[in-house]
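K.L.:
Pasting protein18.txt here (compact mmCIF, C-alpha atoms):
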# COMPACT_ATOMS: atom_id res chain seq x y z
CA MET A 15 75.44 106.66 89.34
CA LYS A 16 72.57 107.52 91.69
CA LYS A 17 74.91 109.12 94.28
CA GLU A 18 76.65 111.18 91.61
CA LEU A 19 73.29 112.33 90.28
CA GLN A 20 72.16 113.24 93.79
CA VAL A 21 75.20 115.50 94.22
CA LEU A 22 74.58 117.16 90.85
CA TYR A 23 70.86 117.55 91.50
CA LYS A 24 71.53 119.12 94.89
CA LYS A 25 73.70 121.69 93.08
CA TYR A 26 70.96 122.28 90.48
CA GLY A 27 68.45 122.74 93.29
CA LYS A 28 70.64 125.42 94.86
CA ASP A 29 71.00 127.10 91.47
CA PHE A 30 67.21 127.11 91.07
CA ILE A 31 66.77 128.63 94.54
CA LYS A 32 69.13 131.47 93.58
CA ILE A 33 67.04 132.18 90.49
CA LEU A 34 63.75 131.92 92.44
CA THR A 35 65.13 134.24 95.13
CA ASN A 36 66.00 136.76 92.44
CA GLU A 37 62.46 136.52 91.02
CA LEU A 38 60.99 137.15 94.49
CA VAL A 39 63.20 140.23 94.92
CA ILE A 40 62.37 141.53 91.42
CA ASN A 41 58.65 141.16 92.23
CA LYS A 42 59.16 142.98 95.56
CA LYS A 43 58.14 139.91 97.57
CA LYS A 44 60.85 140.19 100.19
CA SER A 45 59.66 141.89 103.35
CA SER A 46 60.95 139.95 106.36
CA GLY A 47 63.18 137.58 104.38
CA LYS A 48 61.47 134.60 106.05
CA LEU A 49 60.25 133.15 102.76
CA ILE A 50 63.64 133.38 101.07
CA LYS A 51 65.36 131.88 104.13
CA SER A 52 62.88 129.00 104.05
CA LEU A 53 63.76 127.96 100.48
CA LYS A 54 65.55 124.61 100.54
CA ALA A 55 66.35 122.09 97.82
CA ASP A 56 66.14 118.42 98.71
CA VAL A 57 67.03 115.50 96.52
CA LYS A 58 64.66 112.55 96.71
CA PRO A 59 65.50 109.24 95.07
CA ILE A 60 62.34 107.61 93.74
CA GLY A 61 63.02 104.19 92.24
CA GLU A 62 65.66 104.65 89.57
CA ASN A 63 64.97 108.39 89.34
CA VAL A 64 66.25 111.30 91.36
CA ASN A 65 63.93 114.27 91.89
CA ILE A 66 64.62 117.77 93.14
CA VAL A 67 62.06 118.97 95.68
CA ILE A 68 61.92 122.65 96.64
CA ASN A 69 60.55 123.32 100.13
CA SER A 70 59.36 126.71 101.36
CA GLU A 71 56.94 128.52 103.61
CA LYS A 72 53.39 127.69 102.52
CA TYR A 73 52.59 131.26 101.48
CA LEU A 74 54.91 130.97 98.45
CA GLU A 75 51.88 129.37 96.83
CA TYR A 76 49.83 132.58 97.32
CA ILE A 77 52.66 134.77 96.09
CA ASP A 78 53.07 132.60 93.01
CA LYS A 79 49.46 131.73 92.12
CA GLY A 80 47.73 134.62 93.85
CA ARG A 81 44.61 134.27 95.93
CA ALA A 82 41.06 134.20 94.67
CA LYS A 83 38.62 136.76 96.00
CA GLY A 84 35.79 135.69 98.27
CA LYS A 85 37.66 134.19 101.21
CA PHE A 86 39.10 136.05 104.19
CA PRO A 87 42.82 135.50 104.75
CA PRO A 88 44.15 135.09 108.30
CA ILE A 89 44.69 138.46 110.02
CA ALA A 90 47.75 137.58 112.17
CA PRO A 91 50.22 137.16 109.26
CA ILE A 92 48.91 140.37 107.69
CA ALA A 93 49.41 142.23 110.98
CA LYS A 94 52.98 140.91 111.16
CA TRP A 95 53.56 141.99 107.56
CA CYS A 96 52.18 145.45 108.42
CA THR A 97 54.72 145.77 111.23
CA ILE A 98 57.58 144.82 108.91
CA LYS A 99 56.41 147.31 106.28
CA GLY A 100 55.88 150.12 108.81
CA ILE A 101 52.11 150.08 108.35
CA PRO A 102 49.95 150.37 111.49
CA LYS A 103 48.71 146.97 112.67
CA SER A 104 45.22 148.42 112.76
CA ALA A 105 45.26 148.36 108.95
CA ALA A 106 45.47 144.53 108.91
CA PHE A 107 41.70 144.04 108.94
CA ALA A 108 41.18 146.53 106.10
CA ILE A 109 43.89 144.78 104.06
CA ALA A 110 42.22 141.42 104.73
CA GLN A 111 38.90 142.89 103.54
CA ASN A 112 40.59 144.14 100.40
CA ILE A 113 42.02 140.67 99.74
CA TYR A 114 38.54 139.22 100.35
CA LYS A 115 37.01 141.62 97.83
CA PHE A 116 39.70 141.64 95.14
CA GLY A 117 42.03 138.72 95.80
CA ILE A 118 45.76 138.86 95.15
CA LYS A 119 47.22 138.90 91.64
CA PRO A 120 49.57 136.03 90.80
CA THR A 121 53.26 136.79 90.26
CA ASN A 122 54.09 133.46 88.59
CA VAL A 123 57.56 133.61 90.16
CA ILE A 124 57.96 129.84 90.08
CA SER A 125 57.28 129.45 86.35
CA LYS A 126 59.44 132.50 85.60
CA ALA A 127 62.28 131.01 87.66
CA LEU A 128 61.84 127.63 85.95
CA LYS A 129 62.06 129.27 82.53
CA LYS A 130 65.23 131.14 83.48
CA PHE A 131 66.66 127.99 85.04
CA THR A 132 65.90 125.99 81.90
CA ASP A 133 67.35 128.68 79.66
CA THR A 134 70.60 128.99 81.64
CA GLU A 135 71.15 125.51 83.08
CA THR A 136 70.13 123.04 80.34
CA LYS A 137 73.51 122.99 78.61
CA LYS A 138 75.29 122.69 81.97
CA ILE A 139 73.07 119.76 82.98
CA GLU A 140 73.62 118.03 79.64
CA LYS A 141 77.38 118.49 79.99
CA ASP A 142 77.38 117.16 83.58
CA VAL A 143 74.97 114.26 83.14
CA ALA A 144 75.98 112.98 79.69
CA PRO A 145 79.25 111.36 80.89
CA LEU A 146 77.39 109.62 83.73
CA VAL A 147 74.77 108.23 81.38
CA GLU A 148 77.40 107.19 78.86
CA ARG A 149 79.35 105.34 81.55
CA GLU A 150 76.18 103.51 82.68
CA VAL A 151 75.32 102.51 79.11
CA VAL A 152 78.83 101.13 78.58
CA LYS A 153 78.49 99.15 81.83
CA MET A 154 75.16 97.71 80.71
CA ILE A 155 76.48 96.74 77.27
CA THR A 156 79.61 95.16 78.77
CA LYS A 157 77.54 93.26 81.30
CA ASN A 158 75.17 91.95 78.61
CA GLN A 159 78.06 90.81 76.39
CA LYS A 160 79.46 88.49 79.09
Could you render the structure from this file as structure tokens?
P.N.:
Amino acid sequence: MKKELQVLYKKYGKDFIKILTNELVINKKKSSGKLIKSLKADVKPIGENVNIVINSEKYLEYIDKGRAKGKFPPIAPIAKWCTIKGIPKSAAFAIAQNIYKFGIKPTNVISKALKKFTDTETKKIEKDVAPLVEREVVKMITKNQK
């Protein structure tokens, strides 16, 4: 059953990435496309369980949870972002100062995507996984009766 679950979970991971990508676009968090291209779903077996792990560029964390004021962000990524957005690179330091003073508001794109995923995929997951679980239970009962 583990292999079958891994295949299903890989599909669910891809479905989640589609929803997360949509949330990033809705929240206008697509400038170079690097973050969206970095989103990958991996399936990791852990003991008897199978987990879906979503990998991405590290800055997804700042987009999702925001950034607290009081700490200077690195200038180089801001300068690159400025270039992509058509803003003069010389503005990068002022933007960094602004982030230092005010922080960055969270977008909560991950929790929003998880909610949408749960709302749309739960029935599909139940339908896909239930026969696998049922088959395993029948195997266990049959094995114990012998």
K.L.:
Please indicate the distance in Å from atom CA of A:Leu19 to atom CA of A:Lys141, rounded to one decimal place.
P.N.:
12.7 Å
K.L.:
So the first atom is atom CA of A:Asn112 and the second is atom CA of A:Ser46; what is the distance between them in Å, to one decimal place?
P.N.:
21.6 Å
K.L.:
Could you jot down the atom CA of A:Gly47 to atom CA of A:Val123 separation for me, Å, one decimal place?
P.N.:
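So the two atoms, atom CA of A:Gly47 and atom CA of A:Val123, lie 15.8 Å apart.
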K.L.:
Please provide as a PDB file with C-alpha atoms, in the frame of the given file all residues within 7 Å of A:Ile66, with the sequence filter that same-chain residues fewer than 5 positions apart are discarded (counting only C-alpha atoms).
P.N.:
ATOM      1  CA  TYR A  23      70.860 117.550  91.500  1.00  0.00           C
ATOM      2  CA  GLY A  27      68.450 122.740  93.290  1.00  0.00           C
ATOM      3  CA  ALA A  55      66.350 122.090  97.820  1.00  0.00           C
ATOM      4  CA  ASP A  56      66.140 118.420  98.710  1.00  0.00           C
ATOM      5  CA  VAL A  57      67.030 115.500  96.520  1.00  0.00           C
ATOM      6  CA  LYS A  58      64.660 112.550  96.710  1.00  0.00           C
TER       7      LYS A  58
END
K.L.:
Looking at A:Ile139, A:Ile68, A:Ala127, A:Leu146, which one is nearest to A:Glu37, with distances taken over all atoms listed in the file?
P.N.:
A:Ala127
K.L.:
Of the candidates A:Ile101, A:Ile77, A:Val67, A:Ala108, which shows the shortest atom-to-atom distance to A:Lys24, using all atoms listed in the file?
P.N.:
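Closest candidate: A:Val67.
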K.L.:
Skip A:Tyr114 itself and residues of its chain fewer than 2 positions away, then list as a short mmCIF file (atom, residue, chain, number, x, y, z; two decimals) with C-alpha atoms, keeping the file's coordinate frame all residues within 12 Å of it, counting only C-alpha atoms.
P.N.:
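After the write, selection27.cif holds the following:
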data_model
loop_
_atom_site.label_atom_id
_atom_site.label_comp_id
_atom_site.auth_asym_id
_atom_site.auth_seq_id
_atom_site.Cartn_x
_atom_site.Cartn_y
_atom_site.Cartn_z
CA ARG A 81 44.61 134.27 95.93
CA ALA A 82 41.06 134.20 94.67
CA LYS A 83 38.62 136.76 96.00
CA GLY A 84 35.79 135.69 98.27
CA LYS A 85 37.66 134.19 101.21
CA PHE A 86 39.10 136.05 104.19
CA PRO A 87 42.82 135.50 104.75
CA PRO A 88 44.15 135.09 108.30
CA ILE A 89 44.69 138.46 110.02
CA PHE A 107 41.70 144.04 108.94
CA ALA A 108 41.18 146.53 106.10
CA ILE A 109 43.89 144.78 104.06
CA ALA A 110 42.22 141.42 104.73
CA GLN A 111 38.90 142.89 103.54
CA ASN A 112 40.59 144.14 100.40
CA PHE A 116 39.70 141.64 95.14
CA GLY A 117 42.03 138.72 95.80
CA ILE A 118 45.76 138.86 95.15
#
K.L.:
Calculated over all atoms listed in the file, which of the candidates A:Ile155, A:Ile124, A:Val64, A:Cys96 has the smallest distance to A:Glu18?
P.N.:
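Among A:Ile155, A:Ile124, A:Val64, A:Cys96, it is A:Val64 that comes nearest to A:Glu18.
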K.L.:
Go through A:Lys103, A:Lys28, A:Lys43, A:Arg149 one by one, measure the shortest atom-to-atom distance of each to A:Asn122 using only C-alpha atoms, and give the residue with the smallest value.
P.N.:
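Under the stated criterion, the closest residue is A:Lys43.
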K.L.:
Edge lengths and centre in Å to one decimal, as AutoDock Vina command-line options, is what I'm after for the box along x, y and z that holds all listed atoms of stretch 103-109 of chain A once 8 Å is added on each side.
P.N.:
--center_x 44.9 --center_y 146.2 --center_z 108.4 --size_x 23.5 --size_y 20.4 --size_z 24.7
K.L.:
Using all atoms listed in the file, which of A:Leu22, A:Ala105, A:Leu34, A:Leu74 sits nearest A:Glu140?
P.N.:
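Using all atoms listed in the file, A:Glu140 sits closest to A:Leu22.
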K.L.:
Applying 12 Å and only C-alpha atoms, which residues near A:Lys130 remain after dropping the ones on its own chain fewer than 2 positions away? List them as a PyMOL selection string.
P.N.:
chain A and resi 29-34+36-37+123-128+132-136
